[in-house]
Each structure stands twice: as C-alpha cells, then as structure tokens.
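For reference, final.txt (compact mmCIF, N, CA and C atoms):
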# COMPACT_ATOMS: atom_id res chain seq x y z
N MET A 1 98.20 97.34 29.66
CA MET A 1 98.19 98.80 29.69
C MET A 1 98.21 99.33 28.26
N TYR A 2 97.49 100.43 28.08
CA TYR A 2 97.40 101.05 26.76
C TYR A 2 98.03 102.43 26.79
N LYS A 3 98.83 102.72 25.77
CA LYS A 3 99.34 104.08 25.60
C LYS A 3 98.17 104.96 25.20
N VAL A 4 98.34 106.26 25.35
CA VAL A 4 97.27 107.21 25.04
C VAL A 4 96.78 107.02 23.60
N SER A 5 97.69 106.90 22.65
CA SER A 5 97.27 106.76 21.25
C SER A 5 96.47 105.49 21.04
N GLU A 6 96.88 104.39 21.67
CA GLU A 6 96.14 103.13 21.55
C GLU A 6 94.76 103.25 22.20
N PHE A 7 94.74 103.86 23.37
CA PHE A 7 93.49 104.01 24.10
C PHE A 7 92.53 104.92 23.35
N SER A 8 93.07 105.95 22.75
CA SER A 8 92.27 106.88 21.96
C SER A 8 91.62 106.14 20.80
N GLU A 9 92.39 105.34 20.11
CA GLU A 9 91.87 104.58 18.98
C GLU A 9 90.83 103.55 19.43
N LEU A 10 91.09 102.93 20.55
CA LEU A 10 90.21 101.88 21.09
C LEU A 10 88.85 102.44 21.52
N THR A 11 88.86 103.63 22.12
CA THR A 11 87.64 104.20 22.69
C THR A 11 86.94 105.20 21.78
N GLY A 12 87.67 105.76 20.83
CA GLY A 12 87.09 106.80 19.99
C GLY A 12 87.20 108.18 20.62
N LEU A 13 87.83 108.27 21.79
CA LEU A 13 88.05 109.57 22.44
C LEU A 13 89.38 110.13 21.94
N SER A 14 89.37 111.39 21.56
CA SER A 14 90.61 112.00 21.06
C SER A 14 91.62 112.15 22.20
N LYS A 15 92.87 112.31 21.83
CA LYS A 15 93.92 112.52 22.84
C LYS A 15 93.62 113.78 23.66
N GLU A 16 93.11 114.80 22.98
CA GLU A 16 92.77 116.05 23.67
C GLU A 16 91.65 115.83 24.68
N THR A 17 90.65 115.04 24.28
CA THR A 17 89.54 114.73 25.19
C THR A 17 90.05 113.95 26.39
N LEU A 18 90.91 112.98 26.15
CA LEU A 18 91.48 112.20 27.25
C LEU A 18 92.27 113.10 28.20
N ARG A 19 93.01 114.02 27.63
CA ARG A 19 93.78 114.96 28.45
C ARG A 19 92.83 115.82 29.29
N TYR A 20 91.76 116.30 28.66
CA TYR A 20 90.79 117.13 29.37
C TYR A 20 90.08 116.33 30.46
N TYR A 21 89.66 115.11 30.12
CA TYR A 21 88.98 114.26 31.11
C TYR A 21 89.88 113.99 32.31
N ALA A 22 91.18 113.83 32.07
CA ALA A 22 92.12 113.63 33.18
C ALA A 22 92.23 114.92 34.00
N GLU A 23 92.25 116.05 33.31
CA GLU A 23 92.36 117.35 33.98
C GLU A 23 91.19 117.62 34.92
N VAL A 24 89.99 117.27 34.49
CA VAL A 24 88.80 117.50 35.32
C VAL A 24 88.48 116.29 36.21
N LYS A 25 89.39 115.33 36.21
CA LYS A 25 89.29 114.13 37.05
C LYS A 25 88.08 113.26 36.71
N LEU A 26 87.77 113.23 35.45
CA LEU A 26 86.66 112.41 34.96
C LEU A 26 87.15 111.01 34.60
N LEU A 27 88.29 110.95 33.94
CA LEU A 27 88.90 109.68 33.56
C LEU A 27 90.42 109.85 33.63
N GLU A 28 90.98 109.44 34.74
CA GLU A 28 92.41 109.61 34.94
C GLU A 28 93.16 108.37 34.47
N PRO A 29 94.38 108.54 34.00
CA PRO A 29 95.17 107.39 33.59
C PRO A 29 95.38 106.44 34.78
N ALA A 30 95.50 105.16 34.46
CA ALA A 30 95.75 104.17 35.51
C ALA A 30 97.18 104.30 36.03
N TYR A 31 98.07 104.77 35.16
CA TYR A 31 99.48 104.88 35.54
C TYR A 31 100.13 106.01 34.75
N ILE A 32 100.96 106.78 35.41
CA ILE A 32 101.77 107.81 34.74
C ILE A 32 103.22 107.49 35.03
N ASN A 33 103.98 107.27 33.97
CA ASN A 33 105.40 106.95 34.13
C ASN A 33 106.13 108.18 34.68
N PRO A 34 106.75 108.07 35.85
CA PRO A 34 107.41 109.24 36.46
C PRO A 34 108.63 109.72 35.67
N ASN A 35 109.22 108.87 34.85
CA ASN A 35 110.41 109.25 34.08
C ASN A 35 110.09 110.12 32.88
N ASN A 36 108.95 109.84 32.22
CA ASN A 36 108.65 110.59 31.00
C ASN A 36 107.23 111.17 30.97
N ASN A 37 106.50 110.99 32.05
CA ASN A 37 105.12 111.48 32.17
C ASN A 37 104.15 110.88 31.15
N TYR A 38 104.52 109.76 30.52
CA TYR A 38 103.60 109.09 29.61
C TYR A 38 102.45 108.53 30.43
N ARG A 39 101.25 108.67 29.87
CA ARG A 39 100.05 108.19 30.55
C ARG A 39 99.63 106.85 29.96
N TYR A 40 99.16 105.97 30.84
CA TYR A 40 98.71 104.64 30.43
C TYR A 40 97.34 104.36 31.03
N TYR A 41 96.53 103.65 30.26
CA TYR A 41 95.19 103.28 30.69
C TYR A 41 95.09 101.76 30.74
N ASP A 42 94.19 101.26 31.58
CA ASP A 42 94.01 99.81 31.70
C ASP A 42 92.59 99.41 31.30
N ASP A 43 92.26 98.15 31.48
CA ASP A 43 90.94 97.65 31.08
C ASP A 43 89.82 98.32 31.88
N GLY A 44 90.07 98.62 33.15
CA GLY A 44 89.07 99.33 33.96
C GLY A 44 88.80 100.71 33.38
N SER A 45 89.85 101.36 32.92
CA SER A 45 89.71 102.67 32.28
C SER A 45 88.88 102.56 31.01
N TYR A 46 89.06 101.44 30.31
CA TYR A 46 88.31 101.23 29.07
C TYR A 46 86.80 101.22 29.33
N PHE A 47 86.40 100.48 30.36
CA PHE A 47 84.96 100.39 30.66
C PHE A 47 84.39 101.74 31.09
N LEU A 48 85.17 102.52 31.82
CA LEU A 48 84.73 103.86 32.19
C LEU A 48 84.63 104.75 30.95
N ALA A 49 85.59 104.62 30.05
CA ALA A 49 85.59 105.42 28.83
C ALA A 49 84.37 105.10 27.97
N VAL A 50 84.02 103.82 27.87
CA VAL A 50 82.84 103.41 27.09
C VAL A 50 81.58 104.04 27.70
N LEU A 51 81.49 104.04 29.03
CA LEU A 51 80.36 104.67 29.71
C LEU A 51 80.32 106.16 29.40
N LEU A 52 81.46 106.83 29.46
CA LEU A 52 81.52 108.27 29.19
C LEU A 52 81.11 108.59 27.76
N VAL A 53 81.57 107.78 26.81
CA VAL A 53 81.19 107.98 25.41
C VAL A 53 79.68 107.87 25.27
N LYS A 54 79.09 106.87 25.91
CA LYS A 54 77.65 106.67 25.85
C LYS A 54 76.90 107.84 26.47
N LEU A 55 77.38 108.31 27.63
CA LEU A 55 76.72 109.44 28.29
C LEU A 55 76.78 110.69 27.43
N ARG A 56 77.91 110.92 26.75
CA ARG A 56 78.02 112.09 25.86
C ARG A 56 77.02 111.98 24.71
N LYS A 57 76.88 110.77 24.16
CA LYS A 57 75.94 110.57 23.06
C LYS A 57 74.50 110.80 23.52
N LEU A 58 74.26 110.58 24.80
CA LEU A 58 72.92 110.79 25.36
C LEU A 58 72.70 112.24 25.79
N GLY A 59 73.69 113.09 25.55
CA GLY A 59 73.53 114.51 25.82
C GLY A 59 73.94 114.96 27.21
N PHE A 60 74.66 114.13 27.95
CA PHE A 60 75.11 114.53 29.28
C PHE A 60 76.20 115.60 29.18
N SER A 61 76.14 116.57 30.06
CA SER A 61 77.18 117.58 30.14
C SER A 61 78.37 117.00 30.90
N ILE A 62 79.49 117.68 30.83
CA ILE A 62 80.68 117.25 31.58
C ILE A 62 80.36 117.20 33.06
N GLN A 63 79.66 118.21 33.56
CA GLN A 63 79.34 118.24 34.99
C GLN A 63 78.44 117.07 35.39
N GLU A 64 77.49 116.73 34.54
CA GLU A 64 76.62 115.58 34.82
C GLU A 64 77.43 114.28 34.82
N MET A 65 78.37 114.18 33.89
CA MET A 65 79.21 112.99 33.83
C MET A 65 80.09 112.89 35.07
N ILE A 66 80.61 114.00 35.52
CA ILE A 66 81.42 114.01 36.75
C ILE A 66 80.56 113.55 37.92
N SER A 67 79.35 114.02 37.97
CA SER A 67 78.42 113.64 39.03
C SER A 67 78.19 112.13 39.03
N VAL A 68 78.00 111.56 37.85
CA VAL A 68 77.80 110.11 37.74
C VAL A 68 79.04 109.36 38.22
N MET A 69 80.20 109.81 37.79
CA MET A 69 81.44 109.11 38.14
C MET A 69 81.76 109.24 39.63
N GLU A 70 81.45 110.37 40.22
CA GLU A 70 81.72 110.57 41.65
C GLU A 70 80.77 109.74 42.50
N ASP A 71 79.52 109.63 42.07
CA ASP A 71 78.50 108.93 42.86
C ASP A 71 78.66 107.41 42.78
N GLU A 72 79.04 106.92 41.61
CA GLU A 72 79.23 105.50 41.37
C GLU A 72 78.01 104.66 41.75
N SER A 73 76.83 105.26 41.65
CA SER A 73 75.61 104.56 42.03
C SER A 73 74.71 104.42 40.81
N PHE A 74 74.26 103.20 40.56
CA PHE A 74 73.36 103.00 39.43
C PHE A 74 72.05 103.74 39.65
N THR A 75 71.63 103.88 40.91
CA THR A 75 70.39 104.60 41.23
C THR A 75 70.49 106.05 40.77
N HIS A 76 71.62 106.66 41.02
CA HIS A 76 71.83 108.06 40.61
C HIS A 76 71.85 108.16 39.08
N LEU A 77 72.53 107.24 38.43
CA LEU A 77 72.59 107.24 36.97
C LEU A 77 71.19 107.03 36.39
N GLU A 78 70.46 106.10 36.97
CA GLU A 78 69.09 105.84 36.52
C GLU A 78 68.22 107.09 36.66
N TYR A 79 68.35 107.79 37.77
CA TYR A 79 67.61 109.03 37.99
C TYR A 79 67.96 110.07 36.92
N LEU A 80 69.26 110.24 36.66
CA LEU A 80 69.69 111.22 35.65
C LEU A 80 69.19 110.84 34.25
N LEU A 81 69.21 109.56 33.94
CA LEU A 81 68.73 109.12 32.62
C LEU A 81 67.23 109.37 32.47
N LYS A 82 66.47 109.10 33.52
CA LYS A 82 65.03 109.35 33.47
C LYS A 82 64.74 110.84 33.35
N GLU A 83 65.52 111.65 34.07
CA GLU A 83 65.36 113.10 33.99
C GLU A 83 65.68 113.60 32.58
N LYS A 84 66.76 113.08 31.99
CA LYS A 84 67.15 113.46 30.63
C LYS A 84 66.06 113.05 29.64
N LYS A 85 65.50 111.85 29.80
CA LYS A 85 64.44 111.37 28.92
C LYS A 85 63.21 112.28 29.02
N PHE A 86 62.84 112.67 30.24
CA PHE A 86 61.69 113.55 30.43
C PHE A 86 61.91 114.88 29.71
N LYS A 87 63.11 115.45 29.82
CA LYS A 87 63.40 116.72 29.16
C LYS A 87 63.32 116.59 27.64
N ILE A 88 63.82 115.48 27.11
CA ILE A 88 63.78 115.26 25.67
C ILE A 88 62.34 115.11 25.20
N GLU A 89 61.54 114.35 25.96
CA GLU A 89 60.13 114.19 25.59
C GLU A 89 59.40 115.53 25.61
N LYS A 90 59.74 116.38 26.58
CA LYS A 90 59.13 117.71 26.65
C LYS A 90 59.53 118.54 25.43
N GLN A 91 60.80 118.47 25.04
CA GLN A 91 61.26 119.20 23.86
C GLN A 91 60.54 118.70 22.61
N ILE A 92 60.38 117.40 22.49
CA ILE A 92 59.68 116.82 21.33
C ILE A 92 58.25 117.34 21.28
N SER A 93 57.60 117.37 22.43
CA SER A 93 56.22 117.84 22.51
C SER A 93 56.14 119.32 22.09
N GLU A 94 57.06 120.13 22.58
CA GLU A 94 57.08 121.55 22.23
C GLU A 94 57.35 121.74 20.74
N LEU A 95 58.25 120.95 20.18
CA LEU A 95 58.54 121.05 18.75
C LEU A 95 57.34 120.59 17.92
N GLN A 96 56.63 119.57 18.38
CA GLN A 96 55.44 119.10 17.68
C GLN A 96 54.38 120.20 17.63
N LEU A 97 54.23 120.94 18.74
CA LEU A 97 53.29 122.07 18.76
C LEU A 97 53.71 123.15 17.77
N GLN A 98 55.00 123.41 17.68
CA GLN A 98 55.49 124.40 16.71
C GLN A 98 55.18 123.96 15.28
N ILE A 99 55.37 122.68 15.01
CA ILE A 99 55.06 122.14 13.67
C ILE A 99 53.58 122.33 13.36
N GLU A 100 52.73 122.03 14.33
CA GLU A 100 51.29 122.20 14.13
C GLU A 100 50.93 123.67 13.89
N GLU A 101 51.57 124.58 14.61
CA GLU A 101 51.33 126.01 14.41
C GLU A 101 51.77 126.45 13.02
N ILE A 102 52.89 125.94 12.55
CA ILE A 102 53.36 126.26 11.20
C ILE A 102 52.37 125.73 10.16
N ASP A 103 51.93 124.48 10.36
CA ASP A 103 50.96 123.89 9.43
C ASP A 103 49.67 124.71 9.40
N ASP A 104 49.18 125.10 10.59
CA ASP A 104 47.96 125.92 10.67
C ASP A 104 48.14 127.26 9.96
N PHE A 105 49.29 127.88 10.18
CA PHE A 105 49.58 129.17 9.57
C PHE A 105 49.63 129.03 8.04
N LEU A 106 50.31 127.99 7.56
CA LEU A 106 50.41 127.77 6.11
C LEU A 106 49.03 127.48 5.53
N ALA A 107 48.24 126.69 6.23
CA ALA A 107 46.88 126.35 5.76
C ALA A 107 46.01 127.59 5.70
N SER A 108 46.11 128.48 6.68
CA SER A 108 45.29 129.69 6.68
C SER A 108 45.70 130.63 5.56
N GLY A 109 46.96 130.62 5.20
CA GLY A 109 47.44 131.45 4.09
C GLY A 109 46.99 130.94 2.74
N MET A 110 46.81 129.65 2.63
CA MET A 110 46.39 129.05 1.36
C MET A 110 44.89 129.22 1.12
N GLU A 111 44.15 129.41 2.21
CA GLU A 111 42.71 129.56 2.08
C GLU A 111 42.32 130.93 1.54
N GLU A 112 43.19 131.90 1.72
CA GLU A 112 42.86 133.26 1.30
C GLU A 112 43.06 133.49 -0.15
Starting from the coordinates I provided, produce the structure as structure tokens.
Amino acid sequence: MYKVSEFSELTGLSKETLRYYAEVKLLEPAYINPNNNYRYYDDGSYFLAVLLVKLRKLGFSIQEMISVMEDESFTHLEYLLKEKKFKIEKQISELQLQIEEIDDFLASGMEE
C-alpha cells in the first residue's frame, strides 16, 4: 500500500489531482483508514493511474476518462482513441490550410 504522498510521487499525479479523481470517482483509494481518514493506494491503483496519466496526455477530458473507467472495455477505449485521432487529424488539416492562406497572402503582398 502507498500513502498519498508516495503514490503522488510514483505516478506524477499531484495530491490535489488524486483528491479530485477520488471525488469524481475516477480513481478511488484502495483503502481509507477509518481512524485518521488517511488514503492508501495499491498496485491496481497504480496501473489505473498510469492509464489516466496517458489519457490526459492524449487530450482526454475528465468526462471521457470517467467513461473509459466505467466501461472497462478495450473496444470502447479503442473507439474513443480513434475518434480523438480523427479530430486531431482534422485540426491539423485545417491548420495546414490556414498556413497556406497566410503564405498566399504574404506572397501576393510581395508581388505588388
């Protein structure tokens, strides 16, 4: 079992983030000591935390992460990842068009 400070250091999630994740039932402590309310995490919690860190880096919202954790299905996660990838590719395409428009505008100004 890991104390919150140890778990925070191990996962890279701040104590505040861990508290928030517990509050929204995204990552709850494995055990809460009834005498002092200290929260403890276990190895299973660690693997969930690593997944959550990865999902955040991939741009998942808290609600999307909750959806993944509630569903516990790789098929659902795969669908969400493909959807996220499609949206990013669309954004890249739109930004590329903006770059081309800027280049065209700059080129037309230099010709005059």
(request) Tell me which protein, DNA and RNA residues are within 8 Å of range 24-35 of chain A, counting all atoms listed in the file, leaving out same-chain ones fewer than 2 positions away, and put them as a VMD selection string. (result) chain A and resid 18 to 22 37 to 42 45 48 to 49 65 to 66 69 to 70
(message) Could you check which residues have any atom within 8 Å of (83.7, 102.6, 23.2), counting all atoms listed in the file with coordinates taken straight from the file, and then list them as a PyMOL selection string?
(response) chain A and resi 10-13+46-47+49-54
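Each of A:Glu9, A:Glu23, A:Gly44, A:Leu58 was checked against Lys84 in chain A using only N, CA and C atoms; the smallest atom-to-atom distance is that of A:Leu58.
If you look at atom C of Ser61 in chain A and CA of Ile88 in chain A, they are 15.6 Å away from each other.
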(request) Work out how far apart CA of Glu78 in chain A and CA of Gln63 in chain A are and give it in Å to one decimal. (result)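 So the answer is 16.2 Å.
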(request) Would you mind writing down, as a VMD selection string, each residue of chain A that DSSP on the backbone assigns to alpha helix (DSSP H)? (result) chain A and resid 4 to 11 15 to 23 43 to 57 62 to 71 74 to 111
(request) Record the distance separating CA of Thr75 in chain A and CA of Ser8 in chain A, expressed in Å with one decimal. (result) 29.2 Å
Write a file for range 33-80 of chain A of the given structure; include N, CA and C atoms and format it as a PDB file, in the first residue's frame.
ATOM      1  N   ASN A  33      -8.173   4.626   5.959  1.00  0.00           N
ATOM      2  CA  ASN A  33      -8.093   4.278   7.377  1.00  0.00           C
ATOM      3  C   ASN A  33      -9.223   4.987   8.125  1.00  0.00           C
ATOM      4  N   PRO A  34     -10.119   4.242   8.772  1.00  0.00           N
ATOM      5  CA  PRO A  34     -11.260   4.864   9.451  1.00  0.00           C
ATOM      6  C   PRO A  34     -10.858   5.705  10.663  1.00  0.00           C
ATOM      7  N   ASN A  35      -9.685   5.465  11.221  1.00  0.00           N
ATOM      8  CA  ASN A  35      -9.239   6.215  12.402  1.00  0.00           C
ATOM      9  C   ASN A  35      -8.740   7.613  12.075  1.00  0.00           C
ATOM     10  N   ASN A  36      -8.062   7.742  10.915  1.00  0.00           N
ATOM     11  CA  ASN A  36      -7.478   9.053  10.603  1.00  0.00           C
ATOM     12  C   ASN A  36      -7.812   9.542   9.191  1.00  0.00           C
ATOM     13  N   ASN A  37      -8.619   8.790   8.474  1.00  0.00           N
ATOM     14  CA  ASN A  37      -9.024   9.117   7.100  1.00  0.00           C
ATOM     15  C   ASN A  37      -7.862   9.198   6.110  1.00  0.00           C
ATOM     16  N   TYR A  38      -6.708   8.624   6.457  1.00  0.00           N
ATOM     17  CA  TYR A  38      -5.598   8.580   5.516  1.00  0.00           C
ATOM     18  C   TYR A  38      -5.987   7.654   4.369  1.00  0.00           C
ATOM     19  N   ARG A  39      -5.618   8.078   3.163  1.00  0.00           N
ATOM     20  CA  ARG A  39      -5.945   7.296   1.970  1.00  0.00           C
ATOM     21  C   ARG A  39      -4.712   6.513   1.524  1.00  0.00           C
ATOM     22  N   TYR A  40      -4.956   5.297   1.069  1.00  0.00           N
ATOM     23  CA  TYR A  40      -3.877   4.429   0.592  1.00  0.00           C
ATOM     24  C   TYR A  40      -4.248   3.856  -0.768  1.00  0.00           C
ATOM     25  N   TYR A  41      -3.231   3.695  -1.594  1.00  0.00           N
ATOM     26  CA  TYR A  41      -3.405   3.143  -2.930  1.00  0.00           C
ATOM     27  C   TYR A  41      -2.595   1.858  -3.049  1.00  0.00           C
ATOM     28  N   ASP A  42      -3.031   0.968  -3.938  1.00  0.00           N
ATOM     29  CA  ASP A  42      -2.321  -0.295  -4.127  1.00  0.00           C
ATOM     30  C   ASP A  42      -1.790  -0.401  -5.557  1.00  0.00           C
ATOM     31  N   ASP A  43      -1.235  -1.552  -5.897  1.00  0.00           N
ATOM     32  CA  ASP A  43      -0.662  -1.742  -7.231  1.00  0.00           C
ATOM     33  C   ASP A  43      -1.718  -1.634  -8.328  1.00  0.00           C
ATOM     34  N   GLY A  44      -2.927  -2.103  -8.059  1.00  0.00           N
ATOM     35  CA  GLY A  44      -4.018  -1.971  -9.028  1.00  0.00           C
ATOM     36  C   GLY A  44      -4.319  -0.507  -9.303  1.00  0.00           C
ATOM     37  N   SER A  45      -4.280   0.295  -8.248  1.00  0.00           N
ATOM     38  CA  SER A  45      -4.492   1.741  -8.385  1.00  0.00           C
ATOM     39  C   SER A  45      -3.401   2.358  -9.244  1.00  0.00           C
ATOM     40  N   TYR A  46      -2.184   1.824  -9.093  1.00  0.00           N
ATOM     41  CA  TYR A  46      -1.057   2.348  -9.864  1.00  0.00           C
ATOM     42  C   TYR A  46      -1.300   2.183 -11.365  1.00  0.00           C
ATOM     43  N   PHE A  47      -1.743   0.998 -11.761  1.00  0.00           N
ATOM     44  CA  PHE A  47      -1.970   0.752 -13.190  1.00  0.00           C
ATOM     45  C   PHE A  47      -3.097   1.628 -13.740  1.00  0.00           C
ATOM     46  N   LEU A  48      -4.119   1.858 -12.935  1.00  0.00           N
ATOM     47  CA  LEU A  48      -5.191   2.764 -13.356  1.00  0.00           C
ATOM     48  C   LEU A  48      -4.664   4.189 -13.474  1.00  0.00           C
ATOM     49  N   ALA A  49      -3.830   4.592 -12.526  1.00  0.00           N
ATOM     50  CA  ALA A  49      -3.263   5.942 -12.543  1.00  0.00           C
ATOM     51  C   ALA A  49      -2.398   6.153 -13.787  1.00  0.00           C
ATOM     52  N   VAL A  50      -1.605   5.152 -14.153  1.00  0.00           N
ATOM     53  CA  VAL A  50      -0.763   5.247 -15.351  1.00  0.00           C
ATOM     54  C   VAL A  50      -1.644   5.422 -16.590  1.00  0.00           C
ATOM     55  N   LEU A  51      -2.743   4.673 -16.653  1.00  0.00           N
ATOM     56  CA  LEU A  51      -3.680   4.813 -17.764  1.00  0.00           C
ATOM     57  C   LEU A  51      -4.268   6.219 -17.798  1.00  0.00           C
ATOM     58  N   LEU A  52      -4.664   6.744 -16.644  1.00  0.00           N
ATOM     59  CA  LEU A  52      -5.255   8.088 -16.581  1.00  0.00           C
ATOM     60  C   LEU A  52      -4.252   9.155 -17.008  1.00  0.00           C
ATOM     61  N   VAL A  53      -3.007   9.015 -16.578  1.00  0.00           N
ATOM     62  CA  VAL A  53      -1.967   9.973 -16.981  1.00  0.00           C
ATOM     63  C   VAL A  53      -1.819   9.951 -18.499  1.00  0.00           C
ATOM     64  N   LYS A  54      -1.804   8.763 -19.079  1.00  0.00           N
ATOM     65  CA  LYS A  54      -1.668   8.626 -20.531  1.00  0.00           C
ATOM     66  C   LYS A  54      -2.861   9.251 -21.253  1.00  0.00           C
ATOM     67  N   LEU A  55      -4.067   8.985 -20.747  1.00  0.00           N
ATOM     68  CA  LEU A  55      -5.267   9.549 -21.378  1.00  0.00           C
ATOM     69  C   LEU A  55      -5.250  11.073 -21.330  1.00  0.00           C
ATOM     70  N   ARG A  56      -4.795  11.641 -20.211  1.00  0.00           N
ATOM     71  CA  ARG A  56      -4.715  13.111 -20.105  1.00  0.00           C
ATOM     72  C   ARG A  56      -3.724  13.660 -21.126  1.00  0.00           C
ATOM     73  N   LYS A  57      -2.587  12.972 -21.282  1.00  0.00           N
ATOM     74  CA  LYS A  57      -1.584  13.421 -22.252  1.00  0.00           C
ATOM     75  C   LYS A  57      -2.126  13.348 -23.675  1.00  0.00           C
ATOM     76  N   LEU A  58      -3.068  12.442 -23.899  1.00  0.00           N
ATOM     77  CA  LEU A  58      -3.676  12.302 -25.225  1.00  0.00           C
ATOM     78  C   LEU A  58      -4.849  13.259 -25.418  1.00  0.00           C
ATOM     79  N   GLY A  59      -5.108  14.107 -24.422  1.00  0.00           N
ATOM     80  CA  GLY A  59      -6.129  15.130 -24.564  1.00  0.00           C
ATOM     81  C   GLY A  59      -7.531  14.722 -24.128  1.00  0.00           C
ATOM     82  N   PHE A  60      -7.656  13.624 -23.398  1.00  0.00           N
ATOM     83  CA  PHE A  60      -8.976  13.207 -22.923  1.00  0.00           C
ATOM     84  C   PHE A  60      -9.465  14.145 -21.824  1.00  0.00           C
ATOM     85  N   SER A  61     -10.743  14.450 -21.862  1.00  0.00           N
ATOM     86  CA  SER A  61     -11.357  15.251 -20.805  1.00  0.00           C
ATOM     87  C   SER A  61     -11.632  14.344 -19.605  1.00  0.00           C
ATOM     88  N   ILE A  62     -11.929  14.954 -18.481  1.00  0.00           N
ATOM     89  CA  ILE A  62     -12.281  14.177 -17.282  1.00  0.00           C
ATOM     90  C   ILE A  62     -13.490  13.302 -17.574  1.00  0.00           C
ATOM     91  N   GLN A  63     -14.485  13.854 -18.257  1.00  0.00           N
ATOM     92  CA  GLN A  63     -15.692  13.077 -18.556  1.00  0.00           C
ATOM     93  C   GLN A  63     -15.381  11.886 -19.454  1.00  0.00           C
ATOM     94  N   GLU A  64     -14.507  12.079 -20.426  1.00  0.00           N
ATOM     95  CA  GLU A  64     -14.111  10.968 -21.297  1.00  0.00           C
ATOM     96  C   GLU A  64     -13.368   9.896 -20.500  1.00  0.00           C
ATOM     97  N   MET A  65     -12.522  10.335 -19.581  1.00  0.00           N
ATOM     98  CA  MET A  65     -11.788   9.382 -18.755  1.00  0.00           C
ATOM     99  C   MET A  65     -12.736   8.604 -17.851  1.00  0.00           C
ATOM    100  N   ILE A  66     -13.724   9.279 -17.313  1.00  0.00           N
ATOM    101  CA  ILE A  66     -14.726   8.594 -16.484  1.00  0.00           C
ATOM    102  C   ILE A  66     -15.457   7.557 -17.321  1.00  0.00           C
ATOM    103  N   SER A  67     -15.789   7.917 -18.532  1.00  0.00           N
ATOM    104  CA  SER A  67     -16.469   6.999 -19.439  1.00  0.00           C
ATOM    105  C   SER A  67     -15.627   5.751 -19.688  1.00  0.00           C
ATOM    106  N   VAL A  68     -14.337   5.936 -19.906  1.00  0.00           N
ATOM    107  CA  VAL A  68     -13.430   4.803 -20.124  1.00  0.00           C
ATOM    108  C   VAL A  68     -13.388   3.919 -18.883  1.00  0.00           C
ATOM    109  N   MET A  69     -13.262   4.534 -17.721  1.00  0.00           N
ATOM    110  CA  MET A  69     -13.132   3.761 -16.479  1.00  0.00           C
ATOM    111  C   MET A  69     -14.432   3.027 -16.135  1.00  0.00           C
ATOM    112  N   GLU A  70     -15.554   3.638 -16.421  1.00  0.00           N
ATOM    113  CA  GLU A  70     -16.843   2.995 -16.126  1.00  0.00           C
ATOM    114  C   GLU A  70     -17.101   1.832 -17.069  1.00  0.00           C
ATOM    115  N   ASP A  71     -16.712   1.979 -18.328  1.00  0.00           N
ATOM    116  CA  ASP A  71     -16.992   0.958 -19.336  1.00  0.00           C
ATOM    117  C   ASP A  71     -16.073  -0.254 -19.193  1.00  0.00           C
ATOM    118  N   GLU A  72     -14.821  -0.002 -18.845  1.00  0.00           N
ATOM    119  CA  GLU A  72     -13.818  -1.048 -18.669  1.00  0.00           C
ATOM    120  C   GLU A  72     -13.686  -1.956 -19.893  1.00  0.00           C
ATOM    121  N   SER A  73     -13.963  -1.409 -21.062  1.00  0.00           N
ATOM    122  CA  SER A  73     -13.914  -2.202 -22.290  1.00  0.00           C
ATOM    123  C   SER A  73     -12.842  -1.637 -23.208  1.00  0.00           C
ATOM    124  N   PHE A  74     -11.964  -2.505 -23.681  1.00  0.00           N
ATOM    125  CA  PHE A  74     -10.936  -2.043 -24.604  1.00  0.00           C
ATOM    126  C   PHE A  74     -11.565  -1.552 -25.901  1.00  0.00           C
ATOM    127  N   THR A  75     -12.691  -2.142 -26.292  1.00  0.00           N
ATOM    128  CA  THR A  75     -13.382  -1.733 -27.516  1.00  0.00           C
ATOM    129  C   THR A  75     -13.812  -0.275 -27.411  1.00  0.00           C
ATOM    130  N   HIS A  76     -14.348   0.096 -26.272  1.00  0.00           N
ATOM    131  CA  HIS A  76     -14.781   1.481 -26.053  1.00  0.00           C
ATOM    132  C   HIS A  76     -13.574   2.424 -26.067  1.00  0.00           C
ATOM    133  N   LEU A  77     -12.508   2.033 -25.403  1.00  0.00           N
ATOM    134  CA  LEU A  77     -11.298   2.852 -25.377  1.00  0.00           C
ATOM    135  C   LEU A  77     -10.730   2.995 -26.783  1.00  0.00           C
ATOM    136  N   GLU A  78     -10.707   1.903 -27.518  1.00  0.00           N
ATOM    137  CA  GLU A  78     -10.209   1.936 -28.897  1.00  0.00           C
ATOM    138  C   GLU A  78     -11.043   2.889 -29.747  1.00  0.00           C
ATOM    139  N   TYR A  79     -12.356   2.845 -29.587  1.00  0.00           N
ATOM    140  CA  TYR A  79     -13.252   3.749 -30.317  1.00  0.00           C
ATOM    141  C   TYR A  79     -12.936   5.210 -29.971  1.00  0.00           C
ATOM    142  N   LEU A  80     -12.790   5.500 -28.682  1.00  0.00           N
ATOM    143  CA  LEU A  80     -12.500   6.872 -28.262  1.00  0.00           C
ATOM    144  C   LEU A  80     -11.142   7.349 -28.784  1.00  0.00           C
TER     145      LEU A  80
END
